[in-house]
Structures are given as structure tokens and as C-alpha cells.
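Student: Okay, here's the structure, questions in a sec.
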Amino acid sequence: MATLMGIETEYGVALLGAPPDPFFASQLVIQAYQQLGLPWATAVSPLASFDFDRLGDPPGALETSLMLTNGARLYIDHAHPEYCTPECGSPLALVAADKAGERILAACQARINGSGVLPAGCQLRLYKNNSDHKGNSYGCHENYLVPPGLYEALVAPGSALLARGLLPFLVTRQIFCGAGKVGSENGTPAAGFQLTQRADFFETITGHQTTYNRPIFNLRDEPHADPRQARRLHVICGDATMAELSTFLKVGTAQIVLAMLAAGAIPDNLAFADPVAALRLVSRDLSFAGLLALADGRHMTARELQLRYLELAHGYLSRSGGSDEQWEVLQEWEQVLGALAGDPAGLGRRLDWAIKRQVLERYLEARGLTWELVQTWEPAIARTLVAEEPTTADLAAARELATGAGLPWGDYELQREAYFALRRLDLEYHDLRQGEGEERGLYYELERQGLVERLLYDDDIEHLRTTPPAETRAWARGHWIARFHEYLLAADWGGMILALPHGKARLVCRLNMLDPLRGSAEDPAVEALTLAALQQQAVALAGAEPAPSRTPEHRSEQP
Amino acid sequence: MSEQQRIRKITRRREQPEEPPRAGQLPTGPSEEQRAAEERLNRLDTTINQIVGQPQASAPSEVAGERLRTRMRVLSSEELWRQFRQIGGE
């Protein structure tokens, strides 16, 4: 079966120049979208939880969750704005849908900052990163539609298929899809630079939770589809990526590996002795030569493990006939793994961690600093950060730490400046601003200067900002939201509830969309469903049994 | 335009290949590729310095501080870091 995919990104949100209030800031983002002049629907997920007592509510009052005309969802998750792309059928379409999300969030941000809604001197900032540098992480989750049999095999307690077939891939793919990070968090040992934002935060192998004792592999079971037909695999161990190639490889390789697992095309046992330890080791190994212990006593590098997956993928696609785009994924995968063996710096225009590392190392080089020096200074600098201004006692303790490590205290100010400058560059890399001059985040400034490689045309990204991708039910969702938004009470991934005018009354009906592959641009039913047709069907179904998939159920309501 | 006409296939961007040097114009110094790489690094350094200020060896720290404040209007790197880390977890 086709493996549909989507990405959910929780954005870091900050009100610079004002007391912290991330929920308020997130609410501003949702309201800003509602003011952009595009249709939307109230998102209620799951749709079955829709409260019919809300029928009398005025529409749009303090919404916290929206479904958009491009088939995506924008909502407040805990205290972050979260953007969920529509379902996509190809990696490149998903990269474009993910980038379209960045543009939507950036437009909301620009509207808020230009509207005068914030006090003078206060600005809202959105960052597509995964950590607040204080030990809190927020996610970028991938979703893959998989056959029920594969899903059950992977989530079964003590799953051998998960341990030997999927975890080794997820743990080692950081070498090409990590977003890069300065320093360490969550009580882990000091680090200068890591390949990923998230590795410090994973503490166990499997679990249902996502915010504490964080598992590498999440067991959440919310299919948003008919579970007999397909299930949603929820992958939570990835980074939010800016570079188009990083995202392309992240989702493109996972799509192929999941298809291989479904087909029984990964015969090897590549299970780690300790997956959590391996995840952290890979993130901190900038030599790409570190050996990881396998459960059977062998040792392999992350790159060697990825090469094995690549080899198996080549054989699988040769036998099964992959799409042109899957072959392109394989080609890029091979090139990147090759570069890691010889010239990782050559990836400095292509992958997030490598682009960011190049920026940071240019900074260090110009100031006569090294990662080793920065890392050695980190405990002493951190000791001075407990209070807003370090006390005499803090400085004395820091000095003791520095001199104990053989560091000259005379360098303290320089090192302190470097500590913050490195973190600023790290953070600003993920700054979504795409305006003119200084109103542009670092990644987008590098992109403007041609210092990062592109996979996409701007027109394609812009297209997906308002229009859904063509190959999945997102097409129907987006078009029906645009067409019926004034009658929509609620929508989610698997359907929508409408209140249709019916004489002096309203006829409430529900459209079921539980088959993710129906409702694409090739489905004539999408265009054929007009308001008149919908009214006709709903009236005809009044009093009937629950309707089959993607035809209206009815529920009448007196005015 | 009907909805069906708005179907769009997302295609891979192809970088324009750089024009090869013409006959009689072969470079005598560093190769075009080297020059382009060097020029890219210079632009990268300029971008970095616009964000965090010049290295102290090449500019007084108060100038660096002034540039830094221009970039973010109000916040130093430390202030930005302190304000950003007020946000919560997932």
C-alpha cells in the first residue's frame, strides 16, 4: 500500500520584551491566521467529541484549533502553536507542505508584529526548533500510514521487528537529518556541538507518553482512518528541520524502510544493546566513526548501519519497482553517506547540522576558539547563569571550576560572550522571519544568499500554502473547507460536520472521510459535491441508518 | 480556474549549471570553484558578524555591541537567550 506521510511541528514561541506567556502568544498566532482572509474550519479531534450544544455559539469565538484550506491543521498544543501538514503521498510534496507551514506561521507572526496588538518594544518570535535551552523539548513528529499488520507487529510488547528492524534505522538516521545543537541539556554530559536537538531528551525505548520519560518509539494509536484499513505510525524522535534535503531524506528514507518492513525485506538483526545510549552517542559523534554495540555482540558505526539499510533498500526497490522519487531518495542517501566518510564539511550547503556547524565553526575560528575549549568552559559559564546577574559567590565558584580545569580566568568574558553568541546563532537559524533586511532569520538569510541548497521552487511552496496536495484525501478536505466553510461546524482528519440550510431549519450532517486514499484530485466526487448535492443527499438520508464512508449522515436540528 | 486545473505536481528544483569558461578565457589564478567557495565564506562571515558582532581583534567591543543591538533592535545575545528559555516543553 502507499505510505502516506505528514509532519507535525510544535513551534517555539517567545514574546521578546514582555513577560513570558506562551499560551497567549500561541492564541495570537491562531487569531492572526483567522485575520488573513482565508477560509478555515473549527478543528475538533476526534470529530466524535464534537459538542452539539455548541450549535448556538457564534463562529470563530476564541478558536484554538483550525483546519485550513490546504488540508492542514493549525492549533495550540499545550503552549505551542502547532502546524500539522496535510497527508502527502511523496517526500517532495511533504517537504513543500512543511515549508508552506513555515510561510503560514511567518505570515501570522508578521501580522501580529505589524498590527500594534503588542505593547511598544515587544515582538513575537517563532522558532522551528526543538528545545528552549533550559531542559524543555518540544516535538516534530512524523506520521506514516502503514498496514495494520505492520503496525501491530511494531507496537507489540517487546517487538522483535521494532528492535531489530526499525529502531536501528531511527537511531542512526540522525547523521543526515539532525538539525544540530550547541551544548547539552537534560542533565547529560557537556557537549560542544551535537548532530540533533532531541537526543538528550529520550530516556526510554517505547511508551505512550511524549513529554516525560520520553520514548524513542511512541505507541500512540490514533489512526484517523478506518483502523481495519490503515494505521498511523507516530514517530517522535526526529528534529524539526529547515534544510529541504534534511526533511526530504528524513521522510523519504523512512517511507522506504517502512515499506521494506511491511514486505519482510529487512532480514538482518541490527538490534542495539542499548538504543537510548546509542541515540546519544550518535548525536555526539562528529567523527562518524564511533562504534555502537549491537545486541549480538557486534559493533558498527552509524554510517555502516545506514549503508546496510541503503543496500537493502536498493535491492527492495529493484525488485518491487520504486517510483522515480524513491530512486532519487536513494541517490541522495548514497551521496550523503559517501560524503560522511570523506568530506562531511562538503555537506555544509545541504544538511541542517552541517550548515549550522559551518556557521558556528566560522564564528569560533575567527575568534581563535575551538569546540573543545568551549565545552571545557561550559560548566564554569553555566555556574554563573543561575541568577540574572552572577553574584560574587557565583563568580568565585565559576572561577574555581575554570582554574580547576586549567583554564585562564582572564578569558572568562570572551568565553561568556561566545557561550551566548553560539546559542544565539543556533536559535536564529530556526527563526521563521522571512522579511527584508534584518527581519529575516539566519536560515532564510543563508537561503537568500544562495548559501543553502534548494530542492523546491518557491511557487510550489506558495501553492501549498492555500491549496491541498493532490494525491490524498487532503484534496477533498481543503476544497470542501473552501467551498462549505460557512456551513462547517467542525472538521478533523477523518471527516467534517456541517449545518446545511434546509428551509427555516438547519440539517446537520457528517461527511466521513475515513479512507485516506479517497478524495484525491483524481476522485470526481470531490468536485461533484456541491451544496445542492449535499442538501439533497442529506435530506434523502434523513431517518436512514449510518451512511457508508464519505457519504453524509444526517442529523436534523430545529432552528 | 476550476479546482481540477489547479492540480500541481511538486517537482524537484534543478540548479542552473554554471557556465563553463569559454575558450581563451581559462582562469590563470585560483579556479572559479575556489573563488566561488571563498566568496561564499566571506558572505557567511559577514552574516555572522551582523548577528553577533565583529571579532574583538577587528573591532572594539562597543561597536560589536552596537551592531548586535541593531540586528535585534533591543536584545543582546544573553538577553535573547534568557527571554527565549522562558517557553515550556512539548
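Residues are referred to by chain and number: the chain letter is A, B, ... according to the order shown in the C-alpha cells, the number counts from 1 in that chain, and ligands are numbered separately from 1 in the order shown.
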Find the residues in chain A near chain B: any atom within 7 Å counts, using only C-alpha atoms. Write them as a PyMOL selection string.

Tutor: chain A and resi 13-14+16+20+22+78-79+92-93+132-134+136-139+211+362-363+366-367+420-421+424+438+451+454-457+460+470+521

Student: From the options A:Tyr487, A:Tyr127, A:Trp377, A:Tyr212, which residue's atoms come nearest to A:Asp411, counting only C-alpha atoms?

Tutor: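 Checking each candidate against A:Asp411, we get A:Trp377 as the closest.
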
Student: Within 6 Å of stretch 428-434 of chain A, counting only C-alpha atoms, which residues show up once you throw out same-chain ones fewer than 6 positions away? Write them as a list in words, please.

Tutor: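 Those residues are Ala106, Leu126, Tyr127, Lys128, Asn129, Arg440, Gly441, Leu442 and Tyr443 of chain A.
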
Student: For the residues in that selection, give me N, CA and C atoms as a compact mmCIF listing (two decimals), in the first residue's frame.

Tutor:
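Writing done, so here's part39.txt:
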```
# COMPACT_ATOMS: atom_id res chain seq x y z
N ALA A 106 4.99 32.30 9.52
CA ALA A 106 5.72 33.57 9.37
C ALA A 106 4.75 34.71 9.02
N LEU A 126 8.83 33.30 16.33
CA LEU A 126 8.56 31.86 16.19
C LEU A 126 9.82 31.16 15.74
N TYR A 127 10.13 30.04 16.36
CA TYR A 127 11.34 29.29 16.04
C TYR A 127 10.96 27.85 15.74
N LYS A 128 11.46 27.35 14.61
CA LYS A 128 11.21 25.95 14.27
C LYS A 128 12.38 25.13 14.81
N ASN A 129 12.45 25.05 16.12
CA ASN A 129 13.50 24.24 16.75
C ASN A 129 12.84 23.30 17.75
N ARG A 440 14.85 38.92 8.99
CA ARG A 440 14.95 37.61 8.37
C ARG A 440 15.78 36.69 9.28
N GLY A 441 15.29 35.48 9.52
CA GLY A 441 16.03 34.51 10.31
C GLY A 441 17.30 34.08 9.59
N LEU A 442 18.20 33.45 10.34
CA LEU A 442 19.51 33.11 9.77
C LEU A 442 19.39 32.11 8.62
N TYR A 443 18.57 31.05 8.78
CA TYR A 443 18.44 30.09 7.69
C TYR A 443 17.96 30.79 6.43
```

Student: Would you mind listing what lies within 7 Å of A:His485 as a ChimeraX atom specification, with only C-alpha atoms counted and same-chain residues fewer than 5 positions away left out?

Tutor: /A:39-41

Student: Go ahead and write the residues just picked, C-alpha atoms, as a PDB file, in the first residue's frame.

Tutor:
```
ATOM      1  CA  PRO A  39     -11.466  30.255   4.927  1.00  0.00           C
ATOM      2  CA  TRP A  40     -10.984  27.832   7.817  1.00  0.00           C
ATOM      3  CA  ALA A  41     -12.989  25.372   9.870  1.00  0.00           C
TER       4      ALA A  41
END
```

Student: What's the 6 Å shell around A:Ile461, counting only C-alpha atoms, without same-chain residues fewer than 2 positions away, as a compact mmCIF listing (two decimals) with C-alpha atoms, in the first residue's frame?

Tutor:
```txt
# COMPACT_ATOMS: atom_id res chain seq x y z
CA ALA A 96 6.87 21.55 0.25
CA ALA A 100 4.29 26.06 3.32
CA ASP A 458 9.11 28.87 -4.34
CA ASP A 459 5.96 28.69 -6.48
CA HIS A 463 0.83 26.89 -3.96
CA LEU A 464 0.58 24.56 -0.95
```

Student: Measure the distance from atom CA of A:Arg483 to atom CA of A:Arg111 in Å and round it to one decimal.

Tutor: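 That distance, rounded to one decimal, is 25.5 Å.
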
Student: I need the residues in stretch 329-500 of chain A that are strand (DSSP E) according to DSSP; give them as a ChimeraX atom specification.

Tutor: /A:488-492,495-500

Student: Write out, as a short mmCIF file (atom, residue, chain, number, x, y, z; two decimals), in the first residue's frame, the residues just selected, with C-alpha atoms.

Tutor:
```
data_model
loop_
_atom_site.label_atom_id
_atom_site.label_comp_id
_atom_site.auth_asym_id
_atom_site.auth_seq_id
_atom_site.Cartn_x
_atom_site.Cartn_y
_atom_site.Cartn_z
CA LEU A 488 -18.99 23.91 8.69
CA LEU A 489 -19.37 23.28 12.39
CA ALA A 490 -16.24 21.20 12.78
CA ALA A 491 -13.65 19.24 10.83
CA ASP A 492 -10.80 16.89 11.52
CA GLY A 495 -14.44 13.97 8.37
CA MET A 496 -16.45 17.11 8.88
CA ILE A 497 -19.79 18.19 10.38
CA LEU A 498 -21.96 20.68 8.54
CA ALA A 499 -25.18 22.52 9.31
CA LEU A 500 -26.95 22.92 5.96
#
```

Student: To one decimal place in Å, what is the distance between atom CA of A:Gln358 and atom CA of A:Gly410?

Tutor: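 Answer for the atom CA of A:Gln358 to atom CA of A:Gly410 separation: 27.6 Å.
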